[in-house]
>>> print(open('structure14.txt').read())   # compact mmCIF, C-alpha atoms
# COMPACT_ATOMS: atom_id res chain seq x y z
CA MET U 1477 128.10 141.87 75.69
CA VAL U 1478 126.93 139.24 78.12
CA ASP U 1479 129.35 136.43 78.81
CA ILE U 1480 129.07 133.30 80.90
CA THR U 1481 130.53 134.93 84.03
CA ASP U 1482 127.73 137.51 84.11
CA ILE U 1483 125.06 134.83 83.86
CA THR U 1484 126.75 132.74 86.57
CA PHE U 1485 127.06 135.76 88.82
CA ALA U 1486 123.40 136.71 88.35
CA ALA U 1487 122.22 133.16 89.03
CA LEU U 1488 124.38 132.81 92.15
CA SER U 1489 123.22 136.18 93.45
CA VAL U 1490 119.62 135.09 93.05
CA VAL U 1491 120.39 131.85 94.93
CA ALA U 1492 122.17 133.73 97.75
CA VAL U 1493 119.60 136.51 98.24
CA GLY U 1494 116.55 134.40 97.42
CA GLY U 1495 117.68 131.61 99.74
CA ALA U 1496 118.12 134.15 102.52
CA PHE U 1497 114.64 135.55 101.90
CA ALA U 1498 113.13 132.05 101.75
CA ALA U 1499 114.83 131.24 105.06
CA LEU U 1500 112.90 134.06 106.70
CA GLU U 1501 109.58 133.79 104.88
CA ALA U 1502 109.07 130.04 104.32
CA ARG U 1503 105.94 128.96 106.19
CA GLU U 1504 107.49 125.78 107.57
CA ILE U 1505 110.66 126.68 109.44
CA ILE U 1506 112.33 123.47 108.28
CA TYR U 1507 112.05 124.66 104.68
CA GLY U 1508 113.51 127.92 105.93
CA ALA U 1509 116.54 126.01 107.23
CA VAL U 1510 116.97 124.38 103.81
CA GLY U 1511 116.69 127.81 102.17
CA LEU U 1512 119.40 129.09 104.51
CA ALA U 1513 121.67 126.20 103.46
CA ALA U 1514 121.01 127.10 99.80
CA SER U 1515 121.91 130.72 100.57
CA PHE U 1516 125.20 129.61 102.19
CA PHE U 1517 125.92 127.52 99.11
CA GLY U 1518 125.28 130.53 96.86
CA VAL U 1519 127.69 132.62 98.91
CA ALA U 1520 130.32 129.86 98.68
CA SER U 1521 129.90 129.83 94.89
CA LEU U 1522 130.38 133.62 94.84
CA PHE U 1523 133.67 133.00 96.64
CA PHE U 1524 134.64 130.58 93.85
CA LEU U 1525 133.77 133.30 91.34
CA LEU U 1526 136.07 135.66 93.24
CA GLU U 1527 138.89 133.11 92.83
CA SER U 1528 139.09 132.26 96.52
CA PRO U 1529 138.68 128.46 96.35
CA PHE U 1530 140.05 127.91 99.86
CA PHE U 1531 137.36 130.02 101.47
CA ALA U 1532 134.66 128.67 99.19
CA VAL U 1533 135.44 125.16 100.46
CA PHE U 1534 135.80 126.50 104.00
CA GLN U 1535 132.36 128.11 103.71
CA ILE U 1536 130.84 124.86 102.45
CA THR U 1537 132.40 122.71 105.17
CA VAL U 1538 131.63 125.08 108.03
CA TYR U 1539 128.31 126.62 107.00
CA VAL U 1540 126.62 124.04 104.77
CA GLY U 1541 128.31 121.16 106.56
CA ALA U 1542 128.21 122.13 110.23
CA VAL U 1543 126.05 125.19 110.93
CA ALA U 1544 123.18 124.22 108.61
CA VAL U 1545 123.07 120.68 110.03
CA LEU U 1546 123.18 122.08 113.59
CA ILE U 1547 120.31 124.42 112.74
CA LEU U 1548 118.31 121.59 111.14
CA PHE U 1549 118.71 119.46 114.28
CA THR U 1550 117.68 122.35 116.54
CA VAL U 1551 114.64 123.07 114.35
CA MET U 1552 113.60 119.43 114.65
CA LEU U 1553 114.09 119.55 118.44
CA VAL U 1554 112.04 122.69 119.00
CA ARG U 1555 109.48 122.31 116.22
CA GLU U 1556 105.90 123.22 117.00
CA GLY U 1557 102.69 123.52 115.04
CA LYS U 1558 102.28 127.26 115.54
CA TRP U 1559 105.07 128.60 113.36
CA PHE U 1560 102.73 130.82 111.39
CA GLY U 1561 102.31 133.72 113.80
CA ASP U 1562 106.00 134.41 114.31
CA SER U 1563 105.96 137.94 112.91
CA MET U 1564 105.97 141.10 115.01
CA GLY U 1565 102.87 142.34 113.19
CA PRO U 1566 102.12 144.56 110.18
CA GLY U 1567 103.45 147.76 111.80
CA ALA U 1568 106.89 146.23 112.32
CA THR U 1569 106.86 144.80 108.78
CA VAL U 1570 106.14 148.21 107.24
CA ALA U 1571 108.81 149.85 109.42
CA ALA U 1572 111.31 147.13 108.50
CA ILE U 1573 110.63 147.45 104.76
CA ILE U 1574 111.06 151.25 104.89
CA THR U 1575 114.29 150.90 106.89
CA VAL U 1576 115.71 148.21 104.60
CA VAL U 1577 114.84 150.07 101.39
CA ALA U 1578 116.42 153.25 102.76
CA LEU U 1579 119.51 151.29 103.83
CA ILE U 1580 119.93 149.55 100.47
CA VAL U 1581 119.32 152.75 98.45
CA SER U 1582 121.86 154.72 100.50
CA LEU U 1583 124.44 151.91 100.34
CA VAL U 1584 124.06 151.39 96.59
CA SER U 1585 124.16 155.12 95.82
CA SER U 1586 127.33 155.47 97.90
CA PHE U 1587 128.89 152.50 96.03
CA GLU U 1588 128.04 154.20 92.74
CA ALA U 1589 129.35 157.55 93.94
CA ALA U 1590 132.63 156.02 95.16
CA LYS U 1591 133.69 155.13 91.58
CA LEU U 1592 135.36 151.94 92.76
CA SER U 1593 137.91 150.24 90.55
CA THR U 1594 136.35 147.80 88.10
CA ALA U 1595 139.56 145.87 87.39
CA LYS U 1596 140.61 142.95 89.53
CA GLN U 1597 144.11 142.63 90.93
CA ALA U 1598 146.44 140.89 88.51
CA THR U 1599 146.75 137.71 90.56
CA ALA U 1600 144.41 136.25 93.13
CA PRO U 1601 145.90 135.61 96.60
CA SER U 1602 147.09 132.02 96.81
CA PHE U 1603 147.09 129.42 99.56
CA VAL U 1604 150.69 130.38 100.25
CA ASN U 1605 149.69 133.96 101.14
CA ILE U 1606 146.97 132.77 103.49
CA GLY U 1607 149.31 130.29 105.16
CA GLN U 1608 152.04 132.88 105.61
CA LEU U 1609 149.62 135.33 107.21
CA LEU U 1610 148.11 132.69 109.49
CA THR U 1611 151.42 131.30 110.71
CA GLY U 1612 153.21 134.65 110.88
CA GLN U 1613 151.46 137.89 111.61
CA TYR U 1614 148.16 136.38 112.73
CA ALA U 1615 149.45 133.31 114.60
CA PRO U 1616 148.43 134.72 118.02
CA ALA U 1617 144.95 135.50 116.69
CA LEU U 1618 144.67 131.95 115.35
CA GLU U 1619 145.63 130.50 118.75
CA PHE U 1620 143.14 132.78 120.45
CA LEU U 1621 140.47 131.71 117.97
CA ALA U 1622 141.12 128.08 118.89
CA LEU U 1623 140.60 128.97 122.56
CA VAL U 1624 137.36 130.83 121.74
CA LEU U 1625 136.07 127.82 119.79
CA ALA U 1626 136.92 125.43 122.62
CA ALA U 1627 135.28 127.76 125.16
CA SER U 1628 132.13 128.10 123.06
CA VAL U 1629 131.81 124.33 122.63
CA LEU U 1630 132.26 123.86 126.40
CA GLY U 1631 129.70 126.60 127.01
CA ALA U 1632 127.21 125.00 124.65
CA LEU U 1633 127.69 121.61 126.33
CA THR U 1634 127.24 123.15 129.79
CA LEU U 1635 124.10 124.98 128.67
CA ALA U 1636 122.67 121.78 127.20
CA LYS U 1637 122.90 120.11 130.61
CA VAL U 1638 120.85 122.79 132.41
CA GLU U 1639 117.81 121.19 134.04
CA PRO U 1640 114.55 123.10 133.55
CA PRO U 1641 113.48 123.99 137.13
CA VAL U 1642 110.29 125.81 136.11
CA LYS U 1643 108.98 122.89 134.11
CA ALA U 1644 109.83 120.37 136.85
CA GLN U 1645 107.88 122.41 139.42
CA ALA U 1646 104.92 122.76 137.08
CA GLU U 1647 104.82 119.01 136.61
CA GLU U 1648 104.93 118.42 140.39
CA GLU U 1649 102.02 120.78 140.91
CA LYS U 1650 99.94 118.89 138.42
CA PRO U 1651 98.03 116.01 140.02
CA MET D 1467 130.53 143.77 80.49
CA THR D 1468 132.39 142.16 83.33
CA VAL D 1469 131.25 141.77 86.90
CA SER D 1470 132.65 144.68 88.88
CA LEU D 1471 133.30 145.24 92.56
CA THR D 1472 130.11 147.32 92.81
CA ASP D 1473 128.01 144.33 91.70
CA TYR D 1474 129.35 142.17 94.54
CA LEU D 1475 128.77 145.02 96.98
CA ILE D 1476 125.17 145.36 95.78
CA VAL D 1477 124.52 141.63 96.30
CA SER D 1478 126.05 141.93 99.74
CA ALA D 1479 123.89 144.97 100.55
CA LEU D 1480 120.77 143.08 99.44
CA MET D 1481 121.65 140.14 101.71
CA PHE D 1482 122.34 142.55 104.56
CA GLY D 1483 118.93 144.15 103.98
CA VAL D 1484 117.21 140.76 104.10
CA GLY D 1485 119.00 140.01 107.38
CA ILE D 1486 117.99 143.34 108.95
CA TYR D 1487 114.41 142.76 107.79
CA GLY D 1488 114.39 139.40 109.58
CA LEU D 1489 115.88 140.83 112.77
CA VAL D 1490 113.23 143.55 112.91
CA THR D 1491 110.11 141.59 111.98
CA LYS D 1492 110.56 138.08 113.38
CA ARG D 1493 109.98 136.95 116.94
CA ASN D 1494 110.82 133.29 116.57
CA ALA D 1495 114.30 132.70 118.00
CA MET D 1496 115.26 130.34 115.15
CA ARG D 1497 114.43 132.98 112.53
CA LEU D 1498 116.60 135.46 114.44
CA VAL D 1499 119.48 132.95 114.28
CA PHE D 1500 118.91 132.72 110.51
CA SER D 1501 119.02 136.53 110.26
CA VAL D 1502 122.30 136.79 112.15
CA GLU D 1503 123.92 134.14 109.93
CA ILE D 1504 122.71 136.00 106.82
CA LEU D 1505 124.26 139.24 108.12
CA VAL D 1506 127.61 137.50 108.74
CA ASN D 1507 127.55 136.02 105.22
CA ALA D 1508 126.84 139.44 103.68
CA ALA D 1509 129.86 140.86 105.49
CA ASN D 1510 132.04 137.96 104.33
CA ILE D 1511 131.16 138.62 100.66
CA ASN D 1512 132.38 142.19 101.17
CA PHE D 1513 135.67 141.04 102.67
CA ILE D 1514 136.46 138.63 99.82
CA ALA D 1515 135.33 141.06 97.09
CA PHE D 1516 137.34 144.00 98.41
CA ASN D 1517 140.35 141.70 98.82
CA ARG D 1518 140.10 140.43 95.23
CA PHE D 1519 139.67 143.85 93.64
CA LEU D 1520 141.71 146.24 95.74
CA TRP D 1521 144.47 144.39 97.62
CA PRO D 1522 147.11 141.99 96.32
CA ALA D 1523 147.75 140.11 99.60
CA ALA D 1524 145.32 137.76 101.37
CA LEU D 1525 144.46 140.07 104.27
CA GLY D 1526 140.69 140.18 103.72
CA GLN D 1527 140.49 136.43 103.14
CA THR D 1528 142.23 135.84 106.47
CA ALA D 1529 139.65 138.08 108.14
CA VAL D 1530 136.94 135.86 106.63
CA LEU D 1531 138.55 132.79 108.21
CA PHE D 1532 138.27 134.41 111.64
CA SER D 1533 134.75 135.63 110.87
CA ILE D 1534 133.49 132.19 109.81
CA ALA D 1535 135.05 130.48 112.83
CA LEU D 1536 133.56 133.04 115.24
CA ALA D 1537 130.15 132.75 113.56
CA ALA D 1538 130.27 128.97 113.99
CA ALA D 1539 131.14 129.33 117.68
CA GLU D 1540 128.36 131.87 118.12
CA ALA D 1541 125.84 129.62 116.34
CA ALA D 1542 126.69 126.72 118.66
CA VAL D 1543 126.10 128.83 121.78
CA ILE D 1544 122.91 130.48 120.47
CA LEU D 1545 121.41 127.14 119.46
CA ALA D 1546 122.20 125.68 122.90
CA ILE D 1547 120.45 128.70 124.48
CA VAL D 1548 117.43 128.20 122.18
CA VAL D 1549 117.16 124.52 123.17
CA VAL D 1550 117.37 125.39 126.89
CA ALA D 1551 114.79 128.17 126.51
CA TYR D 1552 112.49 125.75 124.70
CA ARG D 1553 112.85 123.14 127.45
CA ILE D 1554 112.02 125.72 130.14
CA HIS D 1555 109.26 127.67 128.36
CA ASP D 1556 107.97 125.23 125.70
CA ASP D 1557 108.33 128.16 123.30
CA VAL D 1558 111.00 130.03 121.35
CA ASP D 1559 109.03 133.26 120.92
CA VAL D 1560 111.42 136.02 122.03
CA GLY D 1561 108.40 138.12 123.04
CA GLU D 1562 107.59 135.52 125.69
CA LEU D 1563 111.11 135.11 127.12
CA ARG D 1564 111.00 137.85 129.74
CA ASN D 1565 112.76 136.24 132.70
CA LEU D 1566 115.57 138.82 132.69
CA LYS D 1567 113.19 141.78 132.49
CA GLY D 1568 113.32 143.92 135.64
>>> encode(input="structure14.txt", output="structure tokens")
Amino acid sequence: MVDITDITFAALSVVAVGGAFAALEAREIIYGAVGLAASFFGVASLFFLLESPFFAVFQITVYVGAVAVLILFTVMLVREGKWFGDSMGPGATVAAIITVVALIVSLVSSFEAAKLSTAKQATAPSFVNIGQLLTGQYAPALEFLALVLAASVLGALTLAKVEPPVKAQAEEEKP
Amino acid sequence: MTVSLTDYLIVSALMFGVGIYGLVTKRNAMRLVFSVEILVNAANINFIAFNRFLWPAALGQTAVLFSIALAAAEAAVILAIVVVAYRIHDDVDVGELRNLKG
């Protein structure tokens, strides 16, 4: 018996995995960035399906809203015409496909062998649970996370101000 | 037939496989950034799915909050490095960036 949840789940899985594959294999890297955003959106919808609306919205704001836009801007900054030859070559592709197929087969067979519970917990965790954990047990981790975020933003800003010495010299040597 | 925990884990494993494939085969720094983000997302699906099916409290969801925030911080730094590398080398091919090689 196929109900609407199964169909939704299948469609969202296709969006998540297919978007990820399109991100890597799209010929124009800018389409790849759009595919990555679609993949993030599919993952966020899977979170909705798992009754975690807070993290679905968090995923959309952070990944689709911030990271995907950041990636799009970077792609536009560093775009070149020669995006086609960005693969390691056929040998690496064959090795990667063998590795990935072996990985997926072993993972899936271990999931099947584990006989995991098919029933969900009676109630989904609510906002209250998340808030209690974040302000109680994990409050130090949250503070530390804020510091890490601030440090990474400062680091990114500092990196962005680095002058390219090699390029400047090359331009001086040119007549 | 309802969607079980194993189905979510299989989707997550597929996404993880796509990410590994990208990390192994691509040499464009932007594609490698894509691959890393895909890997992080695959792990996050696992966290939320295990939390929903096996644990009544919100422990796994809280882990996802930390994971997403760290991934965002990491993306900001990596993208800054990519822009700097592009300004210095006019290229983002990781096969060409050999300044640190001894």
>>> closest_residue(input="structure14.txt", among="U:Thr1611, U:Ser1515, U:Thr1484, U:Thr1594", to="chain D", atoms="all atoms listed in the file")
U:Thr1594
>>> residues_around(input="structure14.txt", residues="D:Ala1523", least_positions_apart="5", cutoff="12 Å", atoms="only C-alpha atoms", output="PyMOL selection string")
(chain U and resi 1597-1609) or (chain D and resi 1514+1516-1518+1528-1529)
>>> write_last_selection(input="structure14.txt", atoms="C-alpha atoms", output="compact mmCIF listing (two decimals), keeping the file's coordinate frame")
# COMPACT_ATOMS: atom_id res chain seq x y z
CA GLN U 1597 144.11 142.63 90.93
CA ALA U 1598 146.44 140.89 88.51
CA THR U 1599 146.75 137.71 90.56
CA ALA U 1600 144.41 136.25 93.13
CA PRO U 1601 145.90 135.61 96.60
CA SER U 1602 147.09 132.02 96.81
CA PHE U 1603 147.09 129.42 99.56
CA VAL U 1604 150.69 130.38 100.25
CA ASN U 1605 149.69 133.96 101.14
CA ILE U 1606 146.97 132.77 103.49
CA GLY U 1607 149.31 130.29 105.16
CA GLN U 1608 152.04 132.88 105.61
CA LEU U 1609 149.62 135.33 107.21
CA ILE D 1514 136.46 138.63 99.82
CA PHE D 1516 137.34 144.00 98.41
CA ASN D 1517 140.35 141.70 98.82
CA ARG D 1518 140.10 140.43 95.23
CA THR D 1528 142.23 135.84 106.47
CA ALA D 1529 139.65 138.08 108.14
>>> atom_distance(input="structure14.txt", atom1="atom CA of D:Val1549", atom2="atom CA of U:Ala1509")
16.0 Å
>>> residues_around(input="structure14.txt", residues="U:Phe1523", least_positions_apart="6", cutoff="9 Å", atoms="all atoms listed in the file", output="NGL selection string")
(:U and (1529-1533 or 1535)) or (:D and (1511 or 1514-1515))
>>> write_last_selection(input="structure14.txt", atoms="C-alpha atoms", output="PDB file, in the frame of the given file")
ATOM      1  CA  PRO U1529     138.680 128.460  96.350  1.00  0.00           C
ATOM      2  CA  PHE U1530     140.050 127.910  99.860  1.00  0.00           C
ATOM      3  CA  PHE U1531     137.360 130.020 101.470  1.00  0.00           C
ATOM      4  CA  ALA U1532     134.660 128.670  99.190  1.00  0.00           C
ATOM      5  CA  VAL U1533     135.440 125.160 100.460  1.00  0.00           C
ATOM      6  CA  GLN U1535     132.360 128.110 103.710  1.00  0.00           C
TER       7      GLN U1535
ATOM      8  CA  ILE D1511     131.160 138.620 100.660  1.00  0.00           C
ATOM      9  CA  ILE D1514     136.460 138.630  99.820  1.00  0.00           C
ATOM     10  CA  ALA D1515     135.330 141.060  97.090  1.00  0.00           C
TER      11      ALA D1515
END
>>> interface_residues(input="structure14.txt", of="chain U", to="chain D", cutoff="6 Å", atoms="all atoms listed in the file", output="list in words")
Met1477, Val1493, Asp1562, Ser1563, Met1564, Ala1568, Thr1569, Ala1572, Val1576, Thr1594, Lys1596, Gln1597, Pro1601, Asn1605, Ile1606, Leu1625, Ser1628, Ala1632, Ala1636, Pro1640 and Lys1643 of chain U
>>> atom_distance(input="structure14.txt", atom1="atom CA of U:Val1491", atom2="atom CA of U:Gly1518")
5.4 Å
>>> atom_distance(input="structure14.txt", atom1="atom CA of U:Val1490", atom2="atom CA of U:Val1510")
15.4 Å
>>> decode(input="structure14.txt", residues="stretch 1501-1552 of chain U", atoms="C-alpha atoms", output="tab-separated table (two decimals), in the first residue's frame")
chain	number	residue	atom	x	y	z
U	1501	GLU	CA	28.49	16.76	-12.95
U	1502	ALA	CA	26.82	19.88	-14.41
U	1503	ARG	CA	29.01	21.22	-17.22
U	1504	GLU	CA	28.66	24.85	-16.17
U	1505	ILE	CA	29.72	25.18	-12.54
U	1506	ILE	CA	27.07	27.84	-11.94
U	1507	TYR	CA	24.37	25.27	-12.73
U	1508	GLY	CA	26.20	23.00	-10.33
U	1509	ALA	CA	25.79	25.63	-7.60
U	1510	VAL	CA	22.06	25.79	-8.33
U	1511	GLY	CA	21.89	21.98	-8.17
U	1512	LEU	CA	23.63	22.10	-4.79
U	1513	ALA	CA	21.01	24.58	-3.53
U	1514	ALA	CA	18.27	22.21	-4.77
U	1515	SER	CA	19.97	19.35	-2.91
U	1516	PHE	CA	20.07	21.42	0.31
U	1517	PHE	CA	16.38	22.16	-0.16
U	1518	GLY	CA	15.62	18.45	-0.58
U	1519	VAL	CA	17.49	17.68	2.64
U	1520	ALA	CA	15.54	20.41	4.45
U	1521	SER	CA	12.28	18.87	3.21
U	1522	LEU	CA	13.43	15.47	4.51
U	1523	PHE	CA	13.86	17.16	7.90
U	1524	PHE	CA	10.24	18.36	7.64
U	1525	LEU	CA	9.22	14.77	6.88
U	1526	LEU	CA	11.07	13.68	10.02
U	1527	GLU	CA	8.99	16.18	12.02
U	1528	SER	CA	11.91	18.46	12.83
U	1529	PRO	CA	10.53	21.78	11.54
U	1530	PHE	CA	13.06	23.86	13.49
U	1531	PHE	CA	16.02	22.26	11.78
U	1532	ALA	CA	14.30	22.24	8.40
U	1533	VAL	CA	13.96	26.03	8.63
U	1534	PHE	CA	17.48	26.28	10.06
U	1535	GLN	CA	18.79	24.28	7.10
U	1536	ILE	CA	16.97	26.53	4.63
U	1537	THR	CA	18.17	29.77	6.22
U	1538	VAL	CA	21.77	28.67	6.67
U	1539	TYR	CA	22.37	26.45	3.64
U	1540	VAL	CA	19.98	27.68	0.96
U	1541	GLY	CA	20.05	31.23	2.30
U	1542	ALA	CA	23.68	31.80	3.24
U	1543	VAL	CA	26.02	29.05	2.04
U	1544	ALA	CA	24.45	28.63	-1.41
U	1545	VAL	CA	24.50	32.40	-2.01
U	1546	LEU	CA	28.12	32.58	-0.79
U	1547	ILE	CA	29.03	29.75	-3.18
U	1548	LEU	CA	27.20	31.44	-6.07
U	1549	PHE	CA	29.11	34.68	-5.49
U	1550	THR	CA	32.44	32.83	-5.30
U	1551	VAL	CA	31.64	30.92	-8.50
U	1552	MET	CA	30.93	34.21	-10.25
